[in-house]
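What follows is the content of query_4.cif, which has mmCIF, C-alpha atoms and all ligand atoms:
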```cif
data_input
#
loop_
_atom_site.label_atom_id
_atom_site.label_comp_id
_atom_site.auth_asym_id
_atom_site.auth_seq_id
_atom_site.Cartn_x
_atom_site.Cartn_y
_atom_site.Cartn_z
CA MET A 1 -17.55 -10.97 -7.76
CA PRO A 2 -17.41 -14.09 -5.54
CA TRP A 3 -15.93 -12.23 -2.56
CA ARG A 4 -18.87 -9.80 -2.51
CA ASN A 5 -21.25 -12.63 -1.53
CA THR A 6 -19.59 -13.68 1.68
CA THR A 7 -19.19 -12.45 5.22
CA ASP A 8 -16.41 -14.94 5.98
CA PRO A 9 -13.54 -12.71 7.22
CA TYR A 10 -10.96 -15.20 5.91
CA ALA A 11 -12.37 -15.13 2.35
CA ILE A 12 -12.73 -11.31 2.42
CA TRP A 13 -9.18 -10.96 3.70
CA LEU A 14 -7.85 -13.29 0.98
CA SER A 15 -9.66 -11.40 -1.79
CA GLU A 16 -8.50 -7.99 -0.54
CA VAL A 17 -4.88 -9.14 -0.36
CA MET A 18 -5.02 -10.70 -3.83
CA LEU A 19 -6.68 -7.61 -5.31
CA GLN A 20 -3.85 -5.30 -4.21
CA GLN A 21 -2.19 -4.07 -7.43
CA THR A 22 -3.89 -6.90 -9.36
CA GLN A 23 -6.87 -6.95 -11.70
CA VAL A 24 -10.13 -8.69 -10.80
CA SER A 25 -9.98 -11.02 -13.82
CA THR A 26 -6.47 -12.19 -12.82
CA VAL A 27 -7.46 -12.70 -9.19
CA GLU A 28 -10.63 -14.77 -9.69
CA PRO A 29 -9.07 -18.17 -10.62
CA TYR A 30 -6.37 -17.77 -7.95
CA TYR A 31 -8.99 -16.93 -5.34
CA HIS A 32 -10.99 -20.10 -6.10
CA ARG A 33 -7.90 -22.35 -6.25
CA PHE A 34 -6.56 -20.93 -3.00
CA LEU A 35 -9.85 -21.38 -1.14
CA GLN A 36 -10.19 -24.88 -2.46
CA ARG A 37 -6.78 -25.90 -1.15
CA PHE A 38 -6.85 -23.71 2.01
CA PRO A 39 -10.54 -23.31 2.93
CA ASP A 40 -9.82 -21.78 6.35
CA ILE A 41 -7.19 -20.22 8.61
CA GLU A 42 -6.34 -23.61 10.10
CA SER A 43 -5.37 -25.22 6.80
CA LEU A 44 -3.38 -22.17 5.67
CA ALA A 45 -1.50 -21.89 8.97
CA ALA A 46 -0.58 -25.59 8.88
CA ALA A 47 0.72 -25.53 5.28
CA PRO A 48 4.43 -25.15 4.44
CA LEU A 49 5.29 -21.72 2.98
CA GLU A 50 6.61 -23.39 -0.20
CA GLU A 51 3.16 -24.77 -0.95
CA VAL A 52 1.52 -21.38 -0.38
CA LEU A 53 4.03 -19.74 -2.72
CA LYS A 54 3.47 -22.38 -5.37
CA LEU A 55 -0.25 -21.68 -5.35
CA TRP A 56 0.48 -17.94 -5.52
CA ALA A 57 2.97 -18.30 -8.38
CA GLY A 58 2.15 -15.92 -11.24
CA LEU A 59 0.09 -13.51 -9.15
CA GLY A 60 3.17 -11.38 -8.32
CA TYR A 61 4.05 -9.34 -5.20
CA TYR A 62 4.96 -12.51 -3.29
CA ARG A 63 5.42 -10.64 -0.02
CA ARG A 64 1.61 -10.68 0.17
CA ALA A 65 1.56 -14.50 0.22
CA LYS A 66 4.22 -14.62 2.92
CA SER A 67 2.38 -12.09 5.09
CA LEU A 68 -0.88 -13.99 4.57
CA HIS A 69 0.77 -17.18 5.74
CA ARG A 70 2.44 -15.47 8.72
CA ALA A 71 -0.84 -13.78 9.70
CA ALA A 72 -2.70 -17.13 9.49
CA GLN A 73 -0.14 -18.65 11.87
CA PHE A 74 -0.51 -15.63 14.17
CA VAL A 75 -4.32 -16.00 14.22
CA ALA A 76 -3.98 -19.76 14.78
CA SER A 77 -1.69 -19.34 17.79
CA THR A 78 -3.05 -16.10 19.31
CA TYR A 79 -6.78 -16.39 18.57
CA HIS A 80 -7.15 -20.21 18.40
CA HIS A 81 -7.89 -20.11 14.64
CA VAL A 82 -10.75 -17.60 15.04
CA PHE A 83 -10.33 -14.42 13.01
CA PRO A 84 -10.28 -11.34 15.30
CA CYS A 85 -13.46 -9.28 14.98
CA LYS A 86 -12.28 -5.78 16.00
CA TYR A 87 -10.66 -3.33 13.58
CA ASP A 88 -7.79 -2.57 16.00
CA ASP A 89 -6.93 -6.25 16.42
CA ILE A 90 -7.19 -6.97 12.68
CA LEU A 91 -4.80 -4.10 12.01
CA GLN A 92 -2.14 -5.83 14.14
CA LEU A 93 -1.95 -8.84 11.80
CA PRO A 94 1.11 -9.07 9.52
CA GLY A 95 0.58 -7.46 6.12
CA ILE A 96 -2.77 -5.86 6.97
CA GLY A 97 -3.03 -2.08 6.62
CA PRO A 98 -5.89 0.31 7.45
CA TYR A 99 -7.67 -0.33 4.14
CA THR A 100 -7.78 -4.14 4.45
CA ALA A 101 -8.60 -3.96 8.17
CA GLY A 102 -11.47 -1.55 7.38
CA ALA A 103 -12.82 -3.78 4.63
CA ILE A 104 -12.79 -6.93 6.80
CA ALA A 105 -14.15 -5.21 9.94
CA SER A 106 -16.99 -3.44 8.12
CA ILE A 107 -18.01 -6.24 5.72
CA ALA A 108 -17.57 -9.29 7.97
CA PHE A 109 -18.29 -7.74 11.39
CA ARG A 110 -20.39 -4.64 10.54
CA GLU A 111 -18.01 -2.36 12.43
CA ILE A 112 -18.49 1.31 11.55
CA VAL A 113 -15.10 2.00 10.01
CA PRO A 114 -14.20 3.41 6.59
CA VAL A 115 -12.13 2.07 3.70
CA LEU A 116 -9.95 4.18 1.48
CA ASP A 117 -8.43 2.67 -1.64
CA GLY A 118 -7.69 4.28 -5.00
CA ASN A 119 -11.33 3.93 -6.07
CA VAL A 120 -12.77 5.57 -2.97
CA MET A 121 -10.16 8.34 -3.13
CA ARG A 122 -11.19 9.12 -6.69
CA VAL A 123 -14.89 9.29 -5.81
CA LEU A 124 -14.30 11.51 -2.76
CA THR A 125 -11.90 13.94 -4.41
CA ARG A 126 -14.26 14.41 -7.36
CA LEU A 127 -17.40 14.57 -5.27
CA LEU A 128 -15.94 17.25 -2.98
CA LEU A 129 -13.64 18.89 -5.53
CA ILE A 130 -10.48 18.22 -3.53
CA GLN A 131 -7.57 19.33 -5.67
CA ASP A 132 -4.71 18.52 -3.28
CA ASP A 133 -2.10 15.96 -4.34
CA ILE A 134 -3.44 12.54 -3.24
CA ALA A 135 0.12 11.20 -2.97
CA LYS A 136 0.72 13.53 0.00
CA PRO A 137 0.21 12.11 3.52
CA GLN A 138 -1.83 15.14 4.66
CA THR A 139 -4.28 14.66 1.76
CA ARG A 140 -4.63 10.97 2.63
CA LYS A 141 -5.26 11.91 6.25
CA LEU A 142 -7.99 14.32 5.22
CA LEU A 143 -9.60 11.70 2.96
CA TRP A 144 -9.57 9.08 5.73
CA LYS A 145 -11.32 11.59 7.97
CA ILE A 146 -13.96 12.36 5.34
CA ALA A 147 -14.47 8.66 4.55
CA GLY A 148 -14.90 7.98 8.28
CA SER A 149 -17.49 10.73 8.64
CA LEU A 150 -19.60 9.27 5.80
CA VAL A 151 -19.90 5.64 6.95
CA PRO A 152 -23.46 5.01 8.15
CA ASN A 153 -24.31 3.10 11.34
CA GLN A 154 -26.40 0.68 9.37
CA ASP A 155 -24.70 -1.68 6.91
CA PRO A 156 -21.27 -0.01 6.92
CA GLY A 157 -19.90 -2.93 4.87
CA ASP A 158 -22.47 -2.40 2.10
CA PHE A 159 -21.69 1.30 2.05
CA ASN A 160 -17.94 0.69 1.79
CA GLN A 161 -18.40 -1.86 -0.97
CA ALA A 162 -20.71 0.51 -2.83
CA MET A 163 -18.09 3.26 -2.70
CA MET A 164 -15.41 0.91 -3.99
CA GLU A 165 -17.65 -0.41 -6.77
CA LEU A 166 -18.71 3.08 -7.78
CA GLY A 167 -15.06 4.03 -8.21
CA ALA A 168 -14.25 0.79 -10.06
CA THR A 169 -17.19 0.78 -12.46
CA VAL A 170 -18.68 4.29 -12.82
CA CYS A 171 -16.28 6.94 -11.49
CA THR A 172 -13.41 5.42 -13.44
CA PRO A 173 -9.99 7.11 -13.88
CA ILE A 174 -10.56 7.84 -17.58
CA ASN A 175 -14.00 8.77 -18.94
CA PRO A 176 -16.11 8.58 -15.75
CA ARG A 177 -19.73 7.76 -16.59
CA CYS A 178 -21.23 10.80 -14.84
CA GLU A 179 -24.54 10.58 -16.69
CA SER A 180 -25.28 7.22 -15.02
CA CYS A 181 -23.75 8.06 -11.64
CA PRO A 182 -26.08 8.13 -8.61
CA LEU A 183 -24.03 11.00 -7.17
CA GLU A 184 -24.23 13.19 -10.27
CA THR A 185 -26.38 15.93 -8.75
CA LEU A 186 -24.14 16.13 -5.67
CA CYS A 187 -20.80 16.01 -7.43
CA ALA A 188 -18.81 19.25 -7.38
CA ALA A 189 -16.27 18.11 -9.98
CA ARG A 190 -19.06 17.24 -12.40
CA ARG A 191 -20.67 20.64 -11.81
CA GLU A 192 -17.39 22.43 -12.54
CA HIS A 193 -16.50 20.09 -15.44
CA LEU A 194 -13.29 19.14 -13.64
CA GLN A 195 -13.82 15.40 -13.23
CA HIS A 196 -11.09 14.66 -15.78
CA GLN A 197 -8.50 16.69 -13.88
CA ILE A 198 -9.20 15.11 -10.48
CA PRO A 199 -7.70 13.43 -8.52
CA VAL A 200 -4.44 15.34 -8.69
CA LYS A 201 -1.38 13.16 -8.39
CA GLN A 202 2.27 14.15 -8.62
CA ILE A 203 3.99 12.69 -11.69
CA LYS A 204 6.51 10.09 -10.63
CA ALA A 205 10.14 10.22 -11.77
CA ALA A 206 10.98 7.86 -14.62
CA THR A 207 11.54 4.29 -13.43
CA PRO A 208 15.13 3.02 -13.76
CA HIS A 209 15.81 0.55 -16.54
CA ILE A 210 18.08 -2.36 -15.54
CA LYS A 211 19.70 -4.76 -17.99
CA LEU A 212 20.29 -8.37 -16.99
CA ALA A 213 21.25 -11.73 -18.44
CA ALA A 214 19.40 -14.92 -17.49
CA VAL A 215 21.06 -18.29 -18.09
CA ILE A 216 19.08 -21.41 -18.99
CA ILE A 217 21.27 -24.44 -18.49
CA SER A 218 19.94 -27.93 -19.03
CA SER A 219 21.61 -31.22 -18.07
CA PRO A 220 20.62 -34.85 -17.49
CA GLN A 221 19.62 -33.70 -14.00
CA GLY A 222 17.14 -31.06 -15.21
CA HIS A 223 17.47 -27.27 -15.24
CA LEU A 224 19.85 -25.20 -13.16
CA LEU A 225 17.80 -22.99 -10.83
CA ALA A 226 18.88 -20.69 -8.01
CA ARG A 227 16.76 -19.67 -5.03
CA ARG A 228 16.47 -16.03 -3.94
CA LYS A 229 17.64 -15.23 -0.41
CA PRO A 230 15.11 -14.14 2.21
CA GLY A 231 14.62 -10.42 2.68
CA GLY A 232 14.98 -9.21 -0.92
CA LEU A 233 13.12 -9.20 -4.19
CA TRP A 234 11.40 -12.55 -5.02
CA GLU A 235 12.55 -14.06 -1.73
CA HIS A 236 12.34 -17.88 -1.53
CA LEU A 237 11.45 -18.15 -5.24
CA TRP A 238 13.47 -20.16 -7.74
CA GLU A 239 14.74 -18.71 -11.02
CA PHE A 240 17.25 -19.20 -13.78
CA PRO A 241 20.53 -17.66 -12.55
CA ALA A 242 20.61 -14.01 -13.62
CA PHE A 243 23.27 -11.32 -13.56
CA GLU A 244 23.05 -7.57 -13.88
CA LEU A 245 25.14 -6.65 -16.90
CA PRO A 246 24.73 -3.47 -18.98
CA ARG A 247 25.91 -5.15 -22.22
CA PRO A 248 25.74 -8.92 -21.74
CA THR A 249 27.67 -11.15 -24.14
CA ALA A 250 28.05 -14.94 -24.15
CA ALA A 251 31.62 -14.56 -22.87
CA SER A 252 30.83 -12.11 -20.03
CA VAL A 253 27.83 -14.15 -18.86
CA SER A 254 29.83 -17.36 -19.06
CA SER A 255 32.52 -15.95 -16.79
CA ARG A 256 29.89 -14.75 -14.26
CA LEU A 257 28.39 -18.24 -14.27
CA LEU A 258 31.84 -19.76 -13.74
CA ALA A 259 32.41 -17.51 -10.72
CA LEU A 260 28.97 -18.35 -9.27
CA THR A 261 28.94 -22.10 -9.82
CA GLY A 262 32.43 -23.21 -10.89
CA MET A 263 30.90 -24.54 -14.14
CA ARG A 264 32.53 -23.68 -17.43
CA ILE A 265 29.72 -23.77 -20.00
CA LYS A 266 29.58 -22.55 -23.56
CA LEU A 267 26.58 -20.26 -23.93
CA LYS A 268 24.54 -19.25 -26.91
CA ARG A 269 22.52 -16.06 -27.00
CA HIS A 270 18.77 -16.46 -27.52
CA ASP A 271 17.22 -14.09 -30.07
CA ALA A 272 14.52 -12.82 -27.74
CA THR A 273 14.68 -10.46 -24.79
CA ILE A 274 12.10 -10.19 -22.01
CA THR A 275 11.04 -6.99 -20.33
CA HIS A 276 9.54 -7.16 -16.87
CA GLN A 277 7.95 -4.19 -15.14
CA LEU A 278 8.11 -3.90 -11.35
CA THR A 279 6.69 -1.01 -9.33
CA HIS A 280 9.99 0.87 -9.13
CA ARG A 281 12.06 -0.53 -11.95
CA ARG A 282 11.93 -1.98 -15.40
CA MET A 283 14.08 -5.04 -16.03
CA GLU A 284 15.25 -6.16 -19.45
CA TYR A 285 16.54 -9.73 -19.66
CA THR A 286 18.72 -11.11 -22.43
CA LEU A 287 18.58 -14.89 -22.47
CA PHE A 288 21.52 -17.28 -22.83
CA MET A 289 21.24 -21.04 -23.27
CA GLY A 290 23.74 -23.77 -22.52
CA GLN A 291 24.08 -27.49 -21.85
CA SER A 292 25.96 -29.37 -19.18
CA MET A 293 26.77 -33.05 -19.25
CA THR A 294 27.48 -33.22 -15.52
CA LYS A 295 25.60 -35.51 -13.17
CA ALA A 296 27.16 -33.88 -10.15
CA ALA A 297 25.19 -31.75 -7.66
CA ALA A 298 25.26 -28.03 -8.46
CA GLN A 299 27.44 -25.88 -6.21
CA ILE A 300 27.12 -22.21 -5.41
CA ASN A 301 29.92 -19.85 -4.41
CA MET A 302 28.42 -17.96 -1.47
CA LYS A 303 31.03 -15.20 -1.75
CA ILE A 304 29.64 -14.34 -5.19
CA ALA A 305 25.96 -15.13 -4.62
CA SER A 306 24.74 -11.86 -3.17
CA TYR A 307 21.04 -12.61 -3.73
CA TYR A 308 20.89 -16.44 -3.93
CA ASP A 309 21.10 -18.88 -1.05
CA THR A 310 21.23 -22.13 -2.98
CA ILE A 311 21.45 -23.55 -6.49
CA ARG A 312 20.21 -26.92 -7.69
CA TRP A 313 19.37 -29.05 -10.70
CA ILE A 314 15.58 -29.20 -10.77
CA THR A 315 14.09 -32.05 -12.78
CA ASP A 316 10.47 -30.89 -12.68
CA MET A 317 10.08 -27.11 -12.59
CA LYS A 318 6.48 -27.49 -11.42
CA THR A 319 7.72 -28.67 -8.03
CA VAL A 320 9.26 -25.34 -6.96
CA PRO A 321 7.70 -21.86 -6.46
CA LYS A 322 8.66 -19.44 -9.20
CA SER A 323 7.88 -15.89 -10.21
CA ARG A 324 5.78 -15.10 -13.28
CA LEU A 325 8.96 -13.79 -14.90
CA THR A 326 10.65 -17.20 -14.54
CA GLU A 327 7.57 -18.83 -16.06
CA LYS A 328 7.84 -16.41 -18.99
CA ILE A 329 11.54 -17.15 -19.50
CA SER A 330 10.90 -20.87 -19.28
CA ALA A 331 8.10 -20.71 -21.86
CA LEU A 332 10.22 -18.67 -24.23
CA SER A 333 13.22 -20.98 -23.94
CA ARG A 334 11.02 -23.97 -24.83
S1 LIG B 401 -20.62 12.45 -11.14
FE1 LIG B 401 -18.91 11.73 -12.33
S2 LIG B 401 -17.10 12.51 -11.32
FE2 LIG B 401 -18.81 12.73 -9.89
S3 LIG B 401 -18.73 10.89 -8.63
FE3 LIG B 401 -20.11 10.47 -10.31
S4 LIG B 401 -18.86 9.53 -11.93
FE4 LIG B 401 -17.50 10.49 -10.44
#
```
Could you write out this structure as structure tokens?
Ligand code: SF4
Amino acid sequence: MPWRNTTDPYAIWLSEVMLQQTQVSTVEPYYHRFLQRFPDIESLAAAPLEEVLKLWAGLGYYRRAKSLHRAAQFVASTYHHVFPCKYDDILQLPGIGPYTAGAIASIAFREIVPVLDGNVMRVLTRLLLIQDDIAKPQTRKLLWKIAGSLVPNQDPGDFNQAMMELGATVCTPINPRCESCPLETLCAARREHLQHQIPVKQIKAATPHIKLAAVIISSPQGHLLARRKPGGLWEHLWEFPAFELPRPTAASVSSRLLALTGMRIKLKRHDATITHQLTHRRMEYTLFMGQSMTKAAAQINMKIASYYDTIRWITDMKTVPKSRLTEKISALSR
């Protein structure tokens, strides 16, 4: 992986942030594109947030991009564009938790600090036969302590990366490859034939299922898009106006659109629906299409718009940052 061949703290930081909740194969092209456009802290800090979000579009969890941008500006102003080299200082940067701080400090600066992500947790719990629930804070605390006690004085970054890679490629969640594992003779779970039952994790409650309607309106001015307010889901991103409705019909969606924008538009239901999975909820979108002949600027009723701060006709959708969901809806409507 390209980020395993560098000691540049900026590149390591970028890769670790992108890899949160995202697969390696998805991250790789984004990582290269991002580094090409923003090769260092200075260029990222100087860029407008909109441009950063546009480059991030499709990678999901947009809060990461905003924190990255804010942290770059913090490093630029507080450390004169030089990435801090101590774990404690790195941990103070926006959006950086103990895992990312540990990865940057140990790999880029050879500081003797541990990392603990899902992969390392799996290796440690199996190796030491820890059967406590890894979702519990006290179990995490114990695992951090164990991870810290194992990091060697020499090459702590190599050790941490080896632990992460072992978890990602050999000690995998399903069907760990114990027969080719370098820790096989030391591993208590393997000895007890319990590797498939460990780590123990509480089963989460079922995620709520929310039904929504998204409206795709085209006009001579382009498509009608609304921008999400700061502070909530998909903040600052543009999308087709959407409403939460348990049983959306053309008439009910049309009247919600009228209240939001003052536009009376005849809508037609699209055959397809789109399901989008977020960490804590599952969203099912029914699509409605319509046409407007107006050349006037789009208006938004702020009393109704609880999660939008503006609405506009957008001629070229490529010019605004959007979520992957909006890309999906746009592709389907075409
Ligand atoms: S022996 Fe098996 S369970 Fe133990 S650390 Fe290696 S891959 Fe994981």
- List all protein, DNA and RNA residues that have an atom no more than 12 Å from any atom of ligand LIG 401 (chain B), counting all atoms listed in the file, and report them as a PyMOL selection string. chain A and resi 119-130+163-199
- Task: Neighbourhood query: residues within 7 Å of (-2.6, 19.2, -6.6), file coordinates, counting all atoms listed in the file; return as a list in words.
- Result: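 Every residue inside that radius is included here: Gln131, Asp132, Asp133, Val200 and Lys201 of chain A.
Separating atom CA of A:Ser67 from atom CA of A:Gly95 is a distance of 5.1 Å.
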- Item | Nearest candidate to A:His236 (options A:Arg33, A:His223, A:Lys54, A:Lys295; using only C-alpha atoms) | A:Lys54
- Counting all atoms listed in the file, which of A:Trp144, A:Trp234, A:Phe74, A:Phe34 gets nearest to A:Ser323?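 Counting all atoms listed in the file, the residue closest to A:Ser323 is A:Trp234.
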